[in-house]
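Dumped query19.txt below, it's compact mmCIF, N, CA and C atoms:
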```txt
# COMPACT_ATOMS: atom_id res chain seq x y z
N MET Y 1 -10.18 10.87 -7.97
CA MET Y 1 -8.75 10.82 -8.22
C MET Y 1 -8.50 9.80 -9.33
N ASN Y 2 -7.74 10.20 -10.30
CA ASN Y 2 -7.37 9.28 -11.37
C ASN Y 2 -5.92 8.83 -11.19
N LYS Y 3 -5.41 8.03 -12.12
CA LYS Y 3 -4.07 7.47 -11.98
C LYS Y 3 -3.00 8.55 -11.93
N THR Y 4 -3.12 9.58 -12.75
CA THR Y 4 -2.15 10.67 -12.76
C THR Y 4 -2.12 11.39 -11.41
N ASP Y 5 -3.31 11.64 -10.85
CA ASP Y 5 -3.37 12.28 -9.53
C ASP Y 5 -2.73 11.39 -8.46
N LEU Y 6 -2.96 10.08 -8.55
CA LEU Y 6 -2.37 9.16 -7.59
C LEU Y 6 -0.85 9.12 -7.73
N VAL Y 7 -0.35 9.10 -8.95
CA VAL Y 7 1.10 9.13 -9.18
C VAL Y 7 1.70 10.40 -8.57
N ASN Y 8 1.05 11.53 -8.80
CA ASN Y 8 1.55 12.80 -8.25
C ASN Y 8 1.52 12.81 -6.72
N ALA Y 9 0.44 12.30 -6.13
CA ALA Y 9 0.32 12.26 -4.67
C ALA Y 9 1.37 11.33 -4.06
N LEU Y 10 1.60 10.17 -4.69
CA LEU Y 10 2.62 9.25 -4.20
C LEU Y 10 4.01 9.87 -4.28
N ALA Y 11 4.30 10.53 -5.39
CA ALA Y 11 5.60 11.17 -5.56
C ALA Y 11 5.83 12.22 -4.48
N GLU Y 12 4.82 13.01 -4.21
CA GLU Y 12 4.94 14.06 -3.19
C GLU Y 12 5.08 13.45 -1.80
N LYS Y 13 4.27 12.46 -1.49
CA LYS Y 13 4.28 11.83 -0.16
C LYS Y 13 5.59 11.11 0.11
N MET Y 14 6.15 10.44 -0.93
CA MET Y 14 7.37 9.67 -0.77
C MET Y 14 8.63 10.47 -1.04
N GLY Y 15 8.49 11.69 -1.58
CA GLY Y 15 9.65 12.52 -1.89
C GLY Y 15 10.49 11.94 -3.02
N ILE Y 16 9.83 11.38 -4.02
CA ILE Y 16 10.52 10.78 -5.16
C ILE Y 16 9.99 11.42 -6.44
N PRO Y 17 10.73 11.27 -7.56
CA PRO Y 17 10.24 11.79 -8.83
C PRO Y 17 8.98 11.06 -9.29
N GLN Y 18 8.20 11.75 -10.11
CA GLN Y 18 6.94 11.17 -10.59
C GLN Y 18 7.16 9.89 -11.39
N TYR Y 19 8.24 9.82 -12.16
CA TYR Y 19 8.45 8.62 -12.97
C TYR Y 19 8.67 7.39 -12.07
N LYS Y 20 9.29 7.58 -10.91
CA LYS Y 20 9.49 6.46 -9.98
C LYS Y 20 8.17 6.03 -9.36
N SER Y 21 7.33 6.98 -8.99
CA SER Y 21 6.04 6.61 -8.41
C SER Y 21 5.16 5.95 -9.47
N ARG Y 22 5.29 6.37 -10.73
CA ARG Y 22 4.55 5.73 -11.82
C ARG Y 22 5.03 4.29 -12.00
N GLN Y 23 6.35 4.07 -11.93
CA GLN Y 23 6.90 2.71 -12.03
C GLN Y 23 6.37 1.84 -10.89
N PHE Y 24 6.35 2.40 -9.68
CA PHE Y 24 5.84 1.67 -8.53
C PHE Y 24 4.38 1.28 -8.74
N LEU Y 25 3.56 2.25 -9.13
CA LEU Y 25 2.13 2.00 -9.32
C LEU Y 25 1.88 0.97 -10.42
N ASN Y 26 2.62 1.07 -11.52
CA ASN Y 26 2.48 0.10 -12.61
C ASN Y 26 2.88 -1.31 -12.15
N ALA Y 27 3.96 -1.40 -11.38
CA ALA Y 27 4.40 -2.70 -10.86
C ALA Y 27 3.35 -3.27 -9.91
N PHE Y 28 2.77 -2.42 -9.06
CA PHE Y 28 1.73 -2.84 -8.13
C PHE Y 28 0.52 -3.37 -8.90
N GLN Y 29 0.12 -2.68 -9.96
CA GLN Y 29 -1.00 -3.13 -10.78
C GLN Y 29 -0.70 -4.49 -11.41
N ASP Y 30 0.53 -4.67 -11.90
CA ASP Y 30 0.91 -5.94 -12.52
C ASP Y 30 0.86 -7.08 -11.51
N VAL Y 31 1.35 -6.84 -10.29
CA VAL Y 31 1.33 -7.87 -9.25
C VAL Y 31 -0.11 -8.23 -8.91
N LEU Y 32 -0.97 -7.21 -8.76
CA LEU Y 32 -2.38 -7.47 -8.48
C LEU Y 32 -3.01 -8.31 -9.59
N LYS Y 33 -2.78 -7.90 -10.82
CA LYS Y 33 -3.37 -8.59 -11.97
C LYS Y 33 -2.91 -10.04 -12.04
N ASP Y 34 -1.61 -10.27 -11.85
CA ASP Y 34 -1.06 -11.62 -11.94
C ASP Y 34 -1.53 -12.50 -10.78
N SER Y 35 -1.59 -11.94 -9.59
CA SER Y 35 -1.93 -12.72 -8.40
C SER Y 35 -3.42 -13.01 -8.30
N LEU Y 36 -4.27 -12.10 -8.76
CA LEU Y 36 -5.71 -12.30 -8.62
C LEU Y 36 -6.23 -13.46 -9.45
N GLY Y 37 -5.45 -13.93 -10.40
CA GLY Y 37 -5.86 -15.09 -11.18
C GLY Y 37 -5.90 -16.36 -10.35
N GLN Y 38 -5.09 -16.41 -9.29
CA GLN Y 38 -4.99 -17.63 -8.49
C GLN Y 38 -5.63 -17.51 -7.11
N GLU Y 39 -5.53 -16.34 -6.47
CA GLU Y 39 -5.94 -16.25 -5.07
C GLU Y 39 -6.33 -14.82 -4.69
N ALA Y 40 -6.90 -14.70 -3.51
CA ALA Y 40 -7.25 -13.38 -2.99
C ALA Y 40 -5.98 -12.68 -2.50
N ILE Y 41 -6.00 -11.36 -2.52
CA ILE Y 41 -4.89 -10.56 -2.02
C ILE Y 41 -5.38 -9.82 -0.79
N VAL Y 42 -4.73 -10.07 0.34
CA VAL Y 42 -5.12 -9.46 1.61
C VAL Y 42 -4.05 -8.45 2.01
N LEU Y 43 -4.44 -7.18 2.12
CA LEU Y 43 -3.55 -6.14 2.60
C LEU Y 43 -4.06 -5.77 4.00
N GLN Y 44 -3.37 -6.29 5.02
CA GLN Y 44 -3.80 -6.15 6.40
C GLN Y 44 -4.12 -4.70 6.75
N GLY Y 45 -5.32 -4.46 7.24
CA GLY Y 45 -5.75 -3.13 7.64
C GLY Y 45 -6.33 -2.30 6.50
N PHE Y 46 -6.00 -2.66 5.26
CA PHE Y 46 -6.50 -1.91 4.11
C PHE Y 46 -7.72 -2.59 3.51
N GLY Y 47 -7.56 -3.88 3.15
CA GLY Y 47 -8.70 -4.60 2.57
C GLY Y 47 -8.27 -5.83 1.81
N THR Y 48 -9.26 -6.49 1.22
CA THR Y 48 -9.04 -7.74 0.50
C THR Y 48 -9.60 -7.62 -0.91
N PHE Y 49 -8.77 -7.97 -1.89
CA PHE Y 49 -9.20 -8.07 -3.29
C PHE Y 49 -9.42 -9.55 -3.54
N GLU Y 50 -10.62 -9.92 -3.98
CA GLU Y 50 -10.92 -11.33 -4.16
C GLU Y 50 -11.57 -11.57 -5.52
N PRO Y 51 -11.00 -12.51 -6.30
CA PRO Y 51 -11.63 -12.83 -7.59
C PRO Y 51 -12.91 -13.62 -7.35
N TRP Y 52 -13.90 -13.41 -8.21
CA TRP Y 52 -15.13 -14.19 -8.13
C TRP Y 52 -15.66 -14.41 -9.52
N LYS Y 53 -16.23 -15.59 -9.71
CA LYS Y 53 -16.75 -15.98 -11.02
C LYS Y 53 -18.20 -15.51 -11.16
N GLN Y 54 -18.45 -14.75 -12.20
CA GLN Y 54 -19.82 -14.38 -12.54
C GLN Y 54 -20.31 -15.40 -13.57
N THR Y 55 -21.47 -15.95 -13.34
CA THR Y 55 -22.01 -16.95 -14.26
C THR Y 55 -22.67 -16.27 -15.45
N GLU Y 56 -22.86 -17.06 -16.49
CA GLU Y 56 -23.57 -16.55 -17.66
C GLU Y 56 -25.01 -16.24 -17.23
N ARG Y 57 -25.53 -15.12 -17.69
CA ARG Y 57 -26.88 -14.74 -17.28
C ARG Y 57 -27.58 -13.97 -18.38
N GLN Y 58 -28.90 -13.93 -18.24
CA GLN Y 58 -29.73 -13.21 -19.20
C GLN Y 58 -29.67 -11.71 -18.90
N GLY Y 59 -29.49 -10.92 -19.92
CA GLY Y 59 -29.51 -9.46 -19.80
C GLY Y 59 -30.31 -8.89 -20.94
N ARG Y 60 -30.24 -7.57 -21.08
CA ARG Y 60 -30.90 -6.97 -22.24
C ARG Y 60 -30.15 -5.71 -22.64
N ASN Y 61 -30.21 -5.43 -23.92
CA ASN Y 61 -29.58 -4.24 -24.45
C ASN Y 61 -30.42 -3.04 -23.99
N PRO Y 62 -29.85 -2.11 -23.22
CA PRO Y 62 -30.66 -0.99 -22.72
C PRO Y 62 -31.15 -0.05 -23.83
N ARG Y 63 -30.45 -0.01 -24.93
CA ARG Y 63 -30.85 0.87 -26.02
C ARG Y 63 -32.03 0.31 -26.81
N THR Y 64 -31.95 -1.00 -27.10
CA THR Y 64 -32.99 -1.60 -27.94
C THR Y 64 -34.00 -2.44 -27.16
N GLY Y 65 -33.62 -2.86 -25.96
CA GLY Y 65 -34.51 -3.70 -25.17
C GLY Y 65 -34.47 -5.17 -25.57
N ILE Y 66 -33.62 -5.52 -26.51
CA ILE Y 66 -33.53 -6.90 -26.99
C ILE Y 66 -32.77 -7.74 -25.97
N PRO Y 67 -33.34 -8.89 -25.55
CA PRO Y 67 -32.65 -9.77 -24.60
C PRO Y 67 -31.38 -10.36 -25.22
N CYS Y 68 -30.37 -10.55 -24.39
CA CYS Y 68 -29.13 -11.17 -24.84
C CYS Y 68 -28.48 -11.87 -23.66
N MET Y 69 -27.56 -12.77 -23.94
CA MET Y 69 -26.84 -13.48 -22.89
C MET Y 69 -25.55 -12.72 -22.58
N ILE Y 70 -25.27 -12.55 -21.30
CA ILE Y 70 -24.02 -11.94 -20.84
C ILE Y 70 -23.10 -13.10 -20.49
N GLU Y 71 -21.92 -13.13 -21.12
CA GLU Y 71 -20.99 -14.24 -20.95
C GLU Y 71 -20.48 -14.32 -19.51
N ALA Y 72 -20.10 -15.54 -19.12
CA ALA Y 72 -19.47 -15.75 -17.81
C ALA Y 72 -18.11 -15.06 -17.82
N ARG Y 73 -17.71 -14.54 -16.65
CA ARG Y 73 -16.41 -13.88 -16.56
C ARG Y 73 -15.94 -13.88 -15.12
N THR Y 74 -14.69 -13.55 -14.93
CA THR Y 74 -14.14 -13.39 -13.60
C THR Y 74 -14.06 -11.91 -13.31
N SER Y 75 -14.54 -11.52 -12.13
CA SER Y 75 -14.50 -10.13 -11.71
C SER Y 75 -13.77 -10.05 -10.38
N VAL Y 76 -13.71 -8.87 -9.79
CA VAL Y 76 -13.00 -8.68 -8.53
C VAL Y 76 -13.92 -7.98 -7.54
N LYS Y 77 -13.92 -8.49 -6.31
CA LYS Y 77 -14.62 -7.83 -5.22
C LYS Y 77 -13.58 -7.25 -4.27
N PHE Y 78 -13.87 -6.08 -3.71
CA PHE Y 78 -12.99 -5.48 -2.71
C PHE Y 78 -13.77 -5.33 -1.42
N LYS Y 79 -13.20 -5.86 -0.34
CA LYS Y 79 -13.80 -5.72 0.97
C LYS Y 79 -12.84 -4.88 1.81
N PRO Y 80 -13.25 -3.68 2.21
CA PRO Y 80 -12.34 -2.82 2.98
C PRO Y 80 -12.02 -3.42 4.34
N GLY Y 81 -10.80 -3.16 4.81
CA GLY Y 81 -10.36 -3.63 6.12
C GLY Y 81 -10.87 -2.74 7.25
N LYS Y 82 -10.69 -3.23 8.46
CA LYS Y 82 -11.20 -2.55 9.65
C LYS Y 82 -10.59 -1.15 9.80
N PHE Y 83 -9.29 -1.03 9.60
CA PHE Y 83 -8.63 0.26 9.81
C PHE Y 83 -9.01 1.28 8.73
N LEU Y 84 -9.19 0.81 7.50
CA LEU Y 84 -9.63 1.70 6.43
C LEU Y 84 -11.03 2.21 6.71
N LEU Y 85 -11.93 1.31 7.11
CA LEU Y 85 -13.29 1.73 7.43
C LEU Y 85 -13.32 2.71 8.59
N LYS Y 86 -12.48 2.45 9.59
CA LYS Y 86 -12.43 3.36 10.75
C LYS Y 86 -11.93 4.73 10.34
N ALA Y 87 -10.92 4.78 9.48
CA ALA Y 87 -10.39 6.06 9.00
C ALA Y 87 -11.42 6.81 8.17
N LEU Y 88 -12.18 6.09 7.37
CA LEU Y 88 -13.18 6.73 6.52
C LEU Y 88 -14.38 7.24 7.32
N ASN Y 89 -14.65 6.60 8.45
CA ASN Y 89 -15.83 6.94 9.22
C ASN Y 89 -15.53 7.72 10.49
N THR Y 90 -14.31 8.21 10.63
CA THR Y 90 -13.98 9.06 11.76
C THR Y 90 -14.35 10.49 11.39
N HIS Y 91 -15.26 11.04 12.17
CA HIS Y 91 -15.71 12.40 11.91
C HIS Y 91 -15.12 13.34 12.94
N ASP Y 92 -14.63 14.48 12.47
CA ASP Y 92 -14.13 15.49 13.41
C ASP Y 92 -15.30 16.07 14.17
N LYS Y 93 -15.22 16.01 15.47
CA LYS Y 93 -16.33 16.49 16.30
C LYS Y 93 -15.97 17.79 16.97
```

Reformat the file's structure so that it appears as structure tokens.
Amino acid sequence: MNKTDLVNALAEKMGIPQYKSRQFLNAFQDVLKDSLGQEAIVLQGFGTFEPWKQTERQGRNPRTGIPCMIEARTSVKFKPGKFLLKALNTHDK
């Protein structure tokens, strides 16, 4: 599913026009982006988005094989919540 599919699914599920669901999704992305700079975001039952610092490390160019340094950066880890995991792992028997 890509962003357009998500916008369409939200619009259908919420009974709103697509432009409103796109506004909602864009606002949600902005809040996530702004908040992750300072702290983890916990969505009870869904999961936790947590920033983590990756240190500078040795890598290599896969095309040429030449070693290079990969710069330090901040990335994001997602840990799914209990209810999301349960929903994903419930099998119809």

Compile the contact shell of segment 81-90 of chain Y as a ChimeraX atom specification: residues with an atom at most 5 Å away, counting only N, CA and C atoms, same-chain residues fewer than 3 positions apart removed.
/Y:45-47

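Coordinates place atom CA of Ala27 of chain Y at a distance of 22.8 Å from atom CA of Trp52 of chain Y.
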
Chain Y: residues DSSP assigns to helix (DSSP H, G or I), reported as a PyMOL selection string:
chain Y and resi 3-14+18-36+82-88

Set the distance at 12 Å and use only C-alpha atoms: which residues neighbour Phe78 of chain Y once local chain neighbours fewer than 4 positions away are removed? I'd like the list as a list in words.
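With the cut-off at 12 Å, the set is Leu36, Ala40, Ile41, Val42, Leu43, Phe46, Gly47, Thr48, Phe49, Glu50, Pro51 and Trp52 of chain Y.
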
Within 6.5 Å of (-13.4, -17.2, -11.5) in the file's own coordinates, which protein, DNA or RNA residues have an atom, counting all atoms listed in the file? List them as a PDB file with N, CA and C atoms, in the coordinates of the input.
```
ATOM      1  N   PRO Y  51     -11.000 -12.510  -6.300  1.00  0.00           N
ATOM      2  CA  PRO Y  51     -11.630 -12.830  -7.590  1.00  0.00           C
ATOM      3  C   PRO Y  51     -12.910 -13.620  -7.350  1.00  0.00           C
ATOM      4  N   TRP Y  52     -13.900 -13.410  -8.210  1.00  0.00           N
ATOM      5  CA  TRP Y  52     -15.130 -14.190  -8.130  1.00  0.00           C
ATOM      6  C   TRP Y  52     -15.660 -14.410  -9.520  1.00  0.00           C
ATOM      7  N   LYS Y  53     -16.230 -15.590  -9.710  1.00  0.00           N
ATOM      8  CA  LYS Y  53     -16.750 -15.980 -11.020  1.00  0.00           C
ATOM      9  C   LYS Y  53     -18.200 -15.510 -11.160  1.00  0.00           C
ATOM     10  N   GLN Y  54     -18.450 -14.750 -12.200  1.00  0.00           N
ATOM     11  CA  GLN Y  54     -19.820 -14.380 -12.540  1.00  0.00           C
ATOM     12  C   GLN Y  54     -20.310 -15.400 -13.570  1.00  0.00           C
ATOM     13  N   ARG Y  73     -17.710 -14.540 -16.650  1.00  0.00           N
ATOM     14  CA  ARG Y  73     -16.410 -13.880 -16.560  1.00  0.00           C
ATOM     15  C   ARG Y  73     -15.940 -13.880 -15.120  1.00  0.00           C
ATOM     16  N   THR Y  74     -14.690 -13.550 -14.930  1.00  0.00           N
ATOM     17  CA  THR Y  74     -14.140 -13.390 -13.600  1.00  0.00           C
ATOM     18  C   THR Y  74     -14.060 -11.910 -13.310  1.00  0.00           C
ATOM     19  N   SER Y  75     -14.540 -11.520 -12.130  1.00  0.00           N
ATOM     20  CA  SER Y  75     -14.500 -10.130 -11.710  1.00  0.00           C
ATOM     21  C   SER Y  75     -13.770 -10.050 -10.380  1.00  0.00           C
TER      22      SER Y  75
END
```

Figure out the distance between atom CA of Asn61 of chain Y and atom CA of Asn2 of chain Y, please, to one decimal in Å.
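Result for atom CA of Asn2 of chain Y versus atom CA of Asn61 of chain Y: 29.1 Å, one decimal.
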
Grab the atom N of Ser35 of chain Y to atom CA of Lys77 of chain Y distance for me, in Å with one decimal place.
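Here the two named atoms are 14.3 Å from each other.
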
Where is the centre and how long are the edges: axis-aligned box on segment 75-79 of chain Y, 6 Å on each side, Å to one decimal, as JSON:
```
{"center_x": -13.7, "center_y": -8.2, "center_z": -5.2, "size_x": 13.8, "size_y": 18.6, "size_z": 25.9}
```

Nearest residue to Tyr19 of chain Y out of Y:Leu32, Y:Gln44, Y:Val7, Y:His91, using all atoms listed in the file?
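Smallest separation from Tyr19 of chain Y among the options: Y:Val7.
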
Please provide as a ChimeraX atom specification all residues within 8 Å of segment 67-72 of chain Y, with the sequence filter that same-chain residues fewer than 4 positions apart are discarded (counting all atoms listed in the file).
/Y:53-62

Kindly save the residues from that selection, with N, CA and C atoms included, as a JSON list (two decimals), in the frame of the given file.
```json
[["chain", "number", "residue", "atom", "x", "y", "z"],
["Y", 53, "LYS", "N", -16.23, -15.59, -9.71],
["Y", 53, "LYS", "CA", -16.75, -15.98, -11.02],
["Y", 53, "LYS", "C", -18.20, -15.51, -11.16],
["Y", 54, "GLN", "N", -18.45, -14.75, -12.20],
["Y", 54, "GLN", "CA", -19.82, -14.38, -12.54],
["Y", 54, "GLN", "C", -20.31, -15.40, -13.57],
["Y", 55, "THR", "N", -21.47, -15.95, -13.34],
["Y", 55, "THR", "CA", -22.01, -16.95, -14.26],
["Y", 55, "THR", "C", -22.67, -16.27, -15.45],
["Y", 56, "GLU", "N", -22.86, -17.06, -16.49],
["Y", 56, "GLU", "CA", -23.57, -16.55, -17.66],
["Y", 56, "GLU", "C", -25.01, -16.24, -17.23],
["Y", 57, "ARG", "N", -25.53, -15.12, -17.69],
["Y", 57, "ARG", "CA", -26.88, -14.74, -17.28],
["Y", 57, "ARG", "C", -27.58, -13.97, -18.38],
["Y", 58, "GLN", "N", -28.90, -13.93, -18.24],
["Y", 58, "GLN", "CA", -29.73, -13.21, -19.20],
["Y", 58, "GLN", "C", -29.67, -11.71, -18.90],
["Y", 59, "GLY", "N", -29.49, -10.92, -19.92],
["Y", 59, "GLY", "CA", -29.51, -9.46, -19.80],
["Y", 59, "GLY", "C", -30.31, -8.89, -20.94],
["Y", 60, "ARG", "N", -30.24, -7.57, -21.08],
["Y", 60, "ARG", "CA", -30.90, -6.97, -22.24],
["Y", 60, "ARG", "C", -30.15, -5.71, -22.64],
["Y", 61, "ASN", "N", -30.21, -5.43, -23.92],
["Y", 61, "ASN", "CA", -29.58, -4.24, -24.45],
["Y", 61, "ASN", "C", -30.42, -3.04, -23.99],
["Y", 62, "PRO", "N", -29.85, -2.11, -23.22],
["Y", 62, "PRO", "CA", -30.66, -0.99, -22.72],
["Y", 62, "PRO", "C", -31.15, -0.05, -23.83]]
```
